[in-house]
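This report concerns only the one structure given below.
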Amino acid sequence: MNEKQVIRWLGMICLLAGIARMGMTPSSLIWGTDSAPELTFGFIASILMTIGTLSTYMVQSRQTGVIGFITVLAIILGNIATTCMLWSSFEPIKPAVNPDSLPFLIMRTFTLIGFTGGTLVFAILTYRANVFPRWITVLLVVMLVSMVLPVEDNKYFAFFWGLAYVSMGYVIWKGNYTQYATSHKSRLP
């Protein structure tokens with residue numbers, strides 16, 4: 001497999017991760033917050049996002065450079081921490097494990113900082129790189145804004161988060177980059 005095929009398949013993983021993340025919103029609305037179906041969708045999405053996020057950097061690595069790599073790494077670490085938190089939300093193996101404990105709250109804080117900060121910088125770099133269509137950047141910003149919607153349990157955030165990933169994954173899978181990126185193909189992988 002060559003690099004272009006690897007990027008394309010990672011884009012498909014990104015797309016599937018977004019679909020799984022979007023599945024959290026209807027699960028939450030139907031079965032309630034922190035229900036088994038919602039947590040299952042979130043767990044699967046977090047694992048897939050950890051893998052698929054790398055493709056969002058690979059297609060614009062020349063344009064975003066080291067800062068782009070650091071932001072994607074922060075997003076990936078945030079997804080890994082989210083995976084761990086979701087895993088601990090399932091039936092705990094040790095009854096002494098408390099999801100409201102200090103280590104859990106510290107991990108949640110680092111996840112929020114890494115994910116939010118990484119995504120904000122990533123959105124700015126994506127806009128400047130001009131590889132993805134502009135509407136991808138808009139979806140990333142909408143995702144961040146949806147974090148502060150005054151909705152109980154923030155049920156719609158997962159939908160917008162997933163939508164951004166579905167869109168990026170689709171663009172990567174199809175190779176539908178911007179006009180600028182297509183005219184400078186030598187700069188794309």
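Residue numbering restarts at 1 for every chain of the structure tokens, chains are lettered A, B, ... in their displayed order, and ligands are numbered from 1 as they appear.
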- Item | Near-region 114-118 of chain A list (10 Å; only C-alpha atoms; drop same-chain fewer than 2 positions) as a PyMOL selection string | chain A and resi 67-79+81-82+108-112+120-123+143-144+147
Pull N, CA and C atoms from the residues just selected and write them as a PDB file, in the first residue's frame.
ATOM      1  N   ILE A  67       3.464  22.700  13.951  1.00  0.00           N
ATOM      2  CA  ILE A  67       2.341  23.148  14.785  1.00  0.00           C
ATOM      3  C   ILE A  67       1.105  22.310  14.483  1.00  0.00           C
ATOM      4  N   GLY A  68       0.887  21.996  13.225  1.00  0.00           N
ATOM      5  CA  GLY A  68      -0.224  21.124  12.853  1.00  0.00           C
ATOM      6  C   GLY A  68      -0.088  19.751  13.476  1.00  0.00           C
ATOM      7  N   PHE A  69       1.136  19.224  13.494  1.00  0.00           N
ATOM      8  CA  PHE A  69       1.370  17.922  14.106  1.00  0.00           C
ATOM      9  C   PHE A  69       1.093  17.960  15.609  1.00  0.00           C
ATOM     10  N   ILE A  70       1.529  19.021  16.258  1.00  0.00           N
ATOM     11  CA  ILE A  70       1.320  19.146  17.707  1.00  0.00           C
ATOM     12  C   ILE A  70      -0.174  19.255  18.022  1.00  0.00           C
ATOM     13  N   THR A  71      -0.917  20.011  17.233  1.00  0.00           N
ATOM     14  CA  THR A  71      -2.352  20.145  17.494  1.00  0.00           C
ATOM     15  C   THR A  71      -3.080  18.822  17.260  1.00  0.00           C
ATOM     16  N   VAL A  72      -2.711  18.108  16.203  1.00  0.00           N
ATOM     17  CA  VAL A  72      -3.343  16.813  15.949  1.00  0.00           C
ATOM     18  C   VAL A  72      -2.962  15.825  17.044  1.00  0.00           C
ATOM     19  N   LEU A  73      -1.736  15.902  17.518  1.00  0.00           N
ATOM     20  CA  LEU A  73      -1.314  15.052  18.623  1.00  0.00           C
ATOM     21  C   LEU A  73      -2.133  15.358  19.882  1.00  0.00           C
ATOM     22  N   ALA A  74      -2.396  16.638  20.141  1.00  0.00           N
ATOM     23  CA  ALA A  74      -3.227  17.021  21.293  1.00  0.00           C
ATOM     24  C   ALA A  74      -4.647  16.474  21.131  1.00  0.00           C
ATOM     25  N   ILE A  75      -5.187  16.530  19.914  1.00  0.00           N
ATOM     26  CA  ILE A  75      -6.525  15.995  19.658  1.00  0.00           C
ATOM     27  C   ILE A  75      -6.524  14.483  19.852  1.00  0.00           C
ATOM     28  N   ILE A  76      -5.496  13.803  19.353  1.00  0.00           N
ATOM     29  CA  ILE A  76      -5.405  12.350  19.506  1.00  0.00           C
ATOM     30  C   ILE A  76      -5.295  11.969  20.981  1.00  0.00           C
ATOM     31  N   LEU A  77      -4.468  12.687  21.738  1.00  0.00           N
ATOM     32  CA  LEU A  77      -4.356  12.407  23.172  1.00  0.00           C
ATOM     33  C   LEU A  77      -5.681  12.666  23.892  1.00  0.00           C
ATOM     34  N   GLY A  78      -6.391  13.705  23.457  1.00  0.00           N
ATOM     35  CA  GLY A  78      -7.721  13.968  24.012  1.00  0.00           C
ATOM     36  C   GLY A  78      -8.683  12.828  23.720  1.00  0.00           C
ATOM     37  N   ASN A  79      -8.592  12.263  22.509  1.00  0.00           N
ATOM     38  CA  ASN A  79      -9.444  11.119  22.166  1.00  0.00           C
ATOM     39  C   ASN A  79      -9.062   9.873  22.963  1.00  0.00           C
ATOM     40  N   ALA A  81      -7.757   9.868  25.982  1.00  0.00           N
ATOM     41  CA  ALA A  81      -8.262  10.106  27.343  1.00  0.00           C
ATOM     42  C   ALA A  81      -9.785   9.940  27.389  1.00  0.00           C
ATOM     43  N   THR A  82     -10.472  10.396  26.339  1.00  0.00           N
ATOM     44  CA  THR A  82     -11.923  10.214  26.272  1.00  0.00           C
ATOM     45  C   THR A  82     -12.273   8.735  26.227  1.00  0.00           C
ATOM     46  N   ARG A 108     -10.191  14.560  32.937  1.00  0.00           N
ATOM     47  CA  ARG A 108     -11.250  15.243  32.186  1.00  0.00           C
ATOM     48  C   ARG A 108     -10.831  16.670  31.837  1.00  0.00           C
ATOM     49  N   THR A 109     -10.175  17.357  32.774  1.00  0.00           N
ATOM     50  CA  THR A 109      -9.710  18.726  32.535  1.00  0.00           C
ATOM     51  C   THR A 109      -8.642  18.760  31.443  1.00  0.00           C
ATOM     52  N   PHE A 110      -7.658  17.856  31.518  1.00  0.00           N
ATOM     53  CA  PHE A 110      -6.624  17.803  30.488  1.00  0.00           C
ATOM     54  C   PHE A 110      -7.207  17.442  29.125  1.00  0.00           C
ATOM     55  N   THR A 111      -8.185  16.559  29.125  1.00  0.00           N
ATOM     56  CA  THR A 111      -8.840  16.184  27.880  1.00  0.00           C
ATOM     57  C   THR A 111      -9.532  17.398  27.269  1.00  0.00           C
ATOM     58  N   LEU A 112     -10.253  18.124  28.081  1.00  0.00           N
ATOM     59  CA  LEU A 112     -10.969  19.298  27.587  1.00  0.00           C
ATOM     60  C   LEU A 112     -10.002  20.348  27.049  1.00  0.00           C
ATOM     61  N   LEU A 120      -9.236  24.142  18.178  1.00  0.00           N
ATOM     62  CA  LEU A 120      -9.261  25.555  17.798  1.00  0.00           C
ATOM     63  C   LEU A 120      -8.062  25.900  16.921  1.00  0.00           C
ATOM     64  N   VAL A 121      -6.875  25.504  17.346  1.00  0.00           N
ATOM     65  CA  VAL A 121      -5.667  25.778  16.555  1.00  0.00           C
ATOM     66  C   VAL A 121      -5.725  25.010  15.233  1.00  0.00           C
ATOM     67  N   PHE A 122      -6.226  23.766  15.282  1.00  0.00           N
ATOM     68  CA  PHE A 122      -6.358  22.968  14.069  1.00  0.00           C
ATOM     69  C   PHE A 122      -7.294  23.650  13.065  1.00  0.00           C
ATOM     70  N   ALA A 123      -8.395  24.222  13.547  1.00  0.00           N
ATOM     71  CA  ALA A 123      -9.331  24.915  12.652  1.00  0.00           C
ATOM     72  C   ALA A 123      -8.660  26.109  11.987  1.00  0.00           C
ATOM     73  N   MET A 143     -18.674  23.080  15.743  1.00  0.00           N
ATOM     74  CA  MET A 143     -18.497  22.039  16.750  1.00  0.00           C
ATOM     75  C   MET A 143     -18.048  22.651  18.079  1.00  0.00           C
ATOM     76  N   LEU A 144     -17.069  23.554  18.022  1.00  0.00           N
ATOM     77  CA  LEU A 144     -16.583  24.187  19.251  1.00  0.00           C
ATOM     78  C   LEU A 144     -17.658  25.055  19.895  1.00  0.00           C
ATOM     79  N   MET A 147     -20.313  23.297  21.998  1.00  0.00           N
ATOM     80  CA  MET A 147     -19.938  22.873  23.350  1.00  0.00           C
ATOM     81  C   MET A 147     -20.607  23.727  24.417  1.00  0.00           C
TER      82      MET A 147
END
- Write out as a list in words which residues come within 12 Å of Ala45 (chain A) when counting only C-alpha atoms, dropping same-chain ones fewer than 6 positions away.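 Everything that qualifies: Ile13, Cys14, Leu15, Leu16, Ala17, Gly18, Ile19, Ala20, Arg21, Met22, Gly23, Met24, Glu38, Leu39, Ile51, Gly52, Thr53, Asn79, Ile80, Thr82, Thr83, Leu86, Ala158, Phe159, Trp161, Gly162, Tyr165 and Val166 of chain A.
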Keeping only C-alpha atoms, take the residues you just selected and write them out as a tab-separated table (two decimals), in the first residue's frame.
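Dumped everything to out-v6.tsv:
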chain	number	residue	atom	x	y	z
A	13	ILE	CA	-11.86	5.53	9.45
A	14	CYS	CA	-12.34	9.24	10.16
A	15	LEU	CA	-15.71	9.14	8.37
A	16	LEU	CA	-16.84	6.04	10.32
A	17	ALA	CA	-15.67	7.67	13.57
A	18	GLY	CA	-17.86	10.66	12.81
A	19	ILE	CA	-20.89	8.46	12.14
A	20	ALA	CA	-20.33	6.65	15.44
A	21	ARG	CA	-19.94	9.98	17.29
A	22	MET	CA	-23.14	11.30	15.70
A	23	GLY	CA	-24.90	8.18	16.99
A	24	MET	CA	-24.41	9.45	20.53
A	38	GLU	CA	-24.69	6.27	24.07
A	39	LEU	CA	-21.51	5.18	25.85
A	51	ILE	CA	-6.75	6.45	14.52
A	52	GLY	CA	-8.53	8.53	11.86
A	53	THR	CA	-7.48	11.97	13.09
A	79	ASN	CA	-9.44	11.12	22.17
A	80	ILE	CA	-7.34	8.53	24.00
A	82	THR	CA	-11.92	10.21	26.27
A	83	THR	CA	-11.71	6.51	25.42
A	86	LEU	CA	-15.79	6.18	28.56
A	158	ALA	CA	-21.62	14.86	19.78
A	159	PHE	CA	-23.68	15.40	16.62
A	161	TRP	CA	-18.39	16.75	16.51
A	162	GLY	CA	-19.31	13.72	14.41
A	165	TYR	CA	-15.31	14.21	11.26
A	166	VAL	CA	-17.72	12.74	8.68
- Message: as a ChimeraX atom specification, please: every residue in region 20-117 of chain A that DSSP puts in alpha helix (DSSP H).
- Response: /A:20-22,24-31,36-58,61-89,102-117
Write to file, as a short mmCIF file (atom, residue, chain, number, x, y, z; two decimals), in the first residue's frame, the residues of the selection just made, with C-alpha atoms.
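Wrote it out as part31.cif, contents follow:
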data_model
loop_
_atom_site.label_atom_id
_atom_site.label_comp_id
_atom_site.auth_asym_id
_atom_site.auth_seq_id
_atom_site.Cartn_x
_atom_site.Cartn_y
_atom_site.Cartn_z
CA ALA A 20 -20.33 6.65 15.44
CA ARG A 21 -19.94 9.98 17.29
CA MET A 22 -23.14 11.30 15.70
CA MET A 24 -24.41 9.45 20.53
CA THR A 25 -26.97 12.24 20.10
CA PRO A 26 -30.03 10.14 19.19
CA SER A 27 -28.96 7.52 21.76
CA SER A 28 -28.82 10.20 24.42
CA LEU A 29 -32.21 11.60 23.40
CA ILE A 30 -33.87 8.16 23.32
CA TRP A 31 -32.24 6.30 26.22
CA ALA A 36 -25.25 2.00 27.54
CA PRO A 37 -25.99 2.71 23.83
CA GLU A 38 -24.69 6.27 24.07
CA LEU A 39 -21.51 5.18 25.85
CA THR A 40 -20.98 2.37 23.34
CA PHE A 41 -21.26 4.78 20.39
CA GLY A 42 -18.88 7.16 22.18
CA PHE A 43 -16.36 4.43 22.98
CA ILE A 44 -16.28 3.16 19.38
CA ALA A 45 -16.06 6.73 18.05
CA SER A 46 -13.19 7.62 20.36
CA ILE A 47 -11.15 4.61 19.27
CA LEU A 48 -11.79 5.33 15.59
CA MET A 49 -11.11 9.06 16.03
CA THR A 50 -7.79 8.29 17.68
CA ILE A 51 -6.75 6.45 14.52
CA GLY A 52 -8.53 8.53 11.86
CA THR A 53 -7.48 11.97 13.09
CA LEU A 54 -4.00 11.31 11.79
CA SER A 55 -5.33 11.51 8.22
CA THR A 56 -6.53 15.08 8.77
CA TYR A 57 -2.93 16.06 9.42
CA MET A 58 -1.37 13.92 6.70
CA SER A 61 1.16 18.30 6.71
CA ARG A 62 3.27 20.38 4.33
CA GLN A 63 1.05 23.40 4.88
CA THR A 64 0.57 23.10 8.66
CA GLY A 65 4.03 21.85 9.65
CA VAL A 66 5.10 21.07 13.19
CA ILE A 67 2.34 23.15 14.78
CA GLY A 68 -0.22 21.12 12.85
CA PHE A 69 1.37 17.92 14.11
CA ILE A 70 1.32 19.15 17.71
CA THR A 71 -2.35 20.14 17.49
CA VAL A 72 -3.34 16.81 15.95
CA LEU A 73 -1.31 15.05 18.62
CA ALA A 74 -3.23 17.02 21.29
CA ILE A 75 -6.53 16.00 19.66
CA ILE A 76 -5.40 12.35 19.51
CA LEU A 77 -4.36 12.41 23.17
CA GLY A 78 -7.72 13.97 24.01
CA ASN A 79 -9.44 11.12 22.17
CA ILE A 80 -7.34 8.53 24.00
CA ALA A 81 -8.26 10.11 27.34
CA THR A 82 -11.92 10.21 26.27
CA THR A 83 -11.71 6.51 25.42
CA CYS A 84 -10.34 5.79 28.89
CA MET A 85 -13.05 7.87 30.57
CA LEU A 86 -15.79 6.18 28.56
CA TRP A 87 -14.37 2.77 29.38
CA SER A 88 -14.42 3.62 33.07
CA SER A 89 -18.06 4.77 32.74
CA LEU A 102 -9.67 13.60 41.66
CA PRO A 103 -7.62 11.65 39.06
CA PHE A 104 -10.71 11.31 36.89
CA LEU A 105 -11.46 15.04 37.15
CA ILE A 106 -7.83 15.90 36.33
CA MET A 107 -7.97 13.65 33.26
CA ARG A 108 -11.25 15.24 32.19
CA THR A 109 -9.71 18.73 32.53
CA PHE A 110 -6.62 17.80 30.49
CA THR A 111 -8.84 16.18 27.88
CA LEU A 112 -10.97 19.30 27.59
CA ILE A 113 -7.94 21.59 27.32
CA GLY A 114 -6.12 19.35 24.82
CA PHE A 115 -9.17 18.69 22.71
CA THR A 116 -10.58 22.21 22.72
CA GLY A 117 -7.25 23.99 22.29
#
- Give the answer as one residue: which of A:Gly169, A:Pro150, A:Pro133, A:Gly175 has the shortest atom-to-atom distance to Leu10 (chain A), using only C-alpha atoms?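 For Leu10 (chain A), the nearest of the candidates is A:Gly169.
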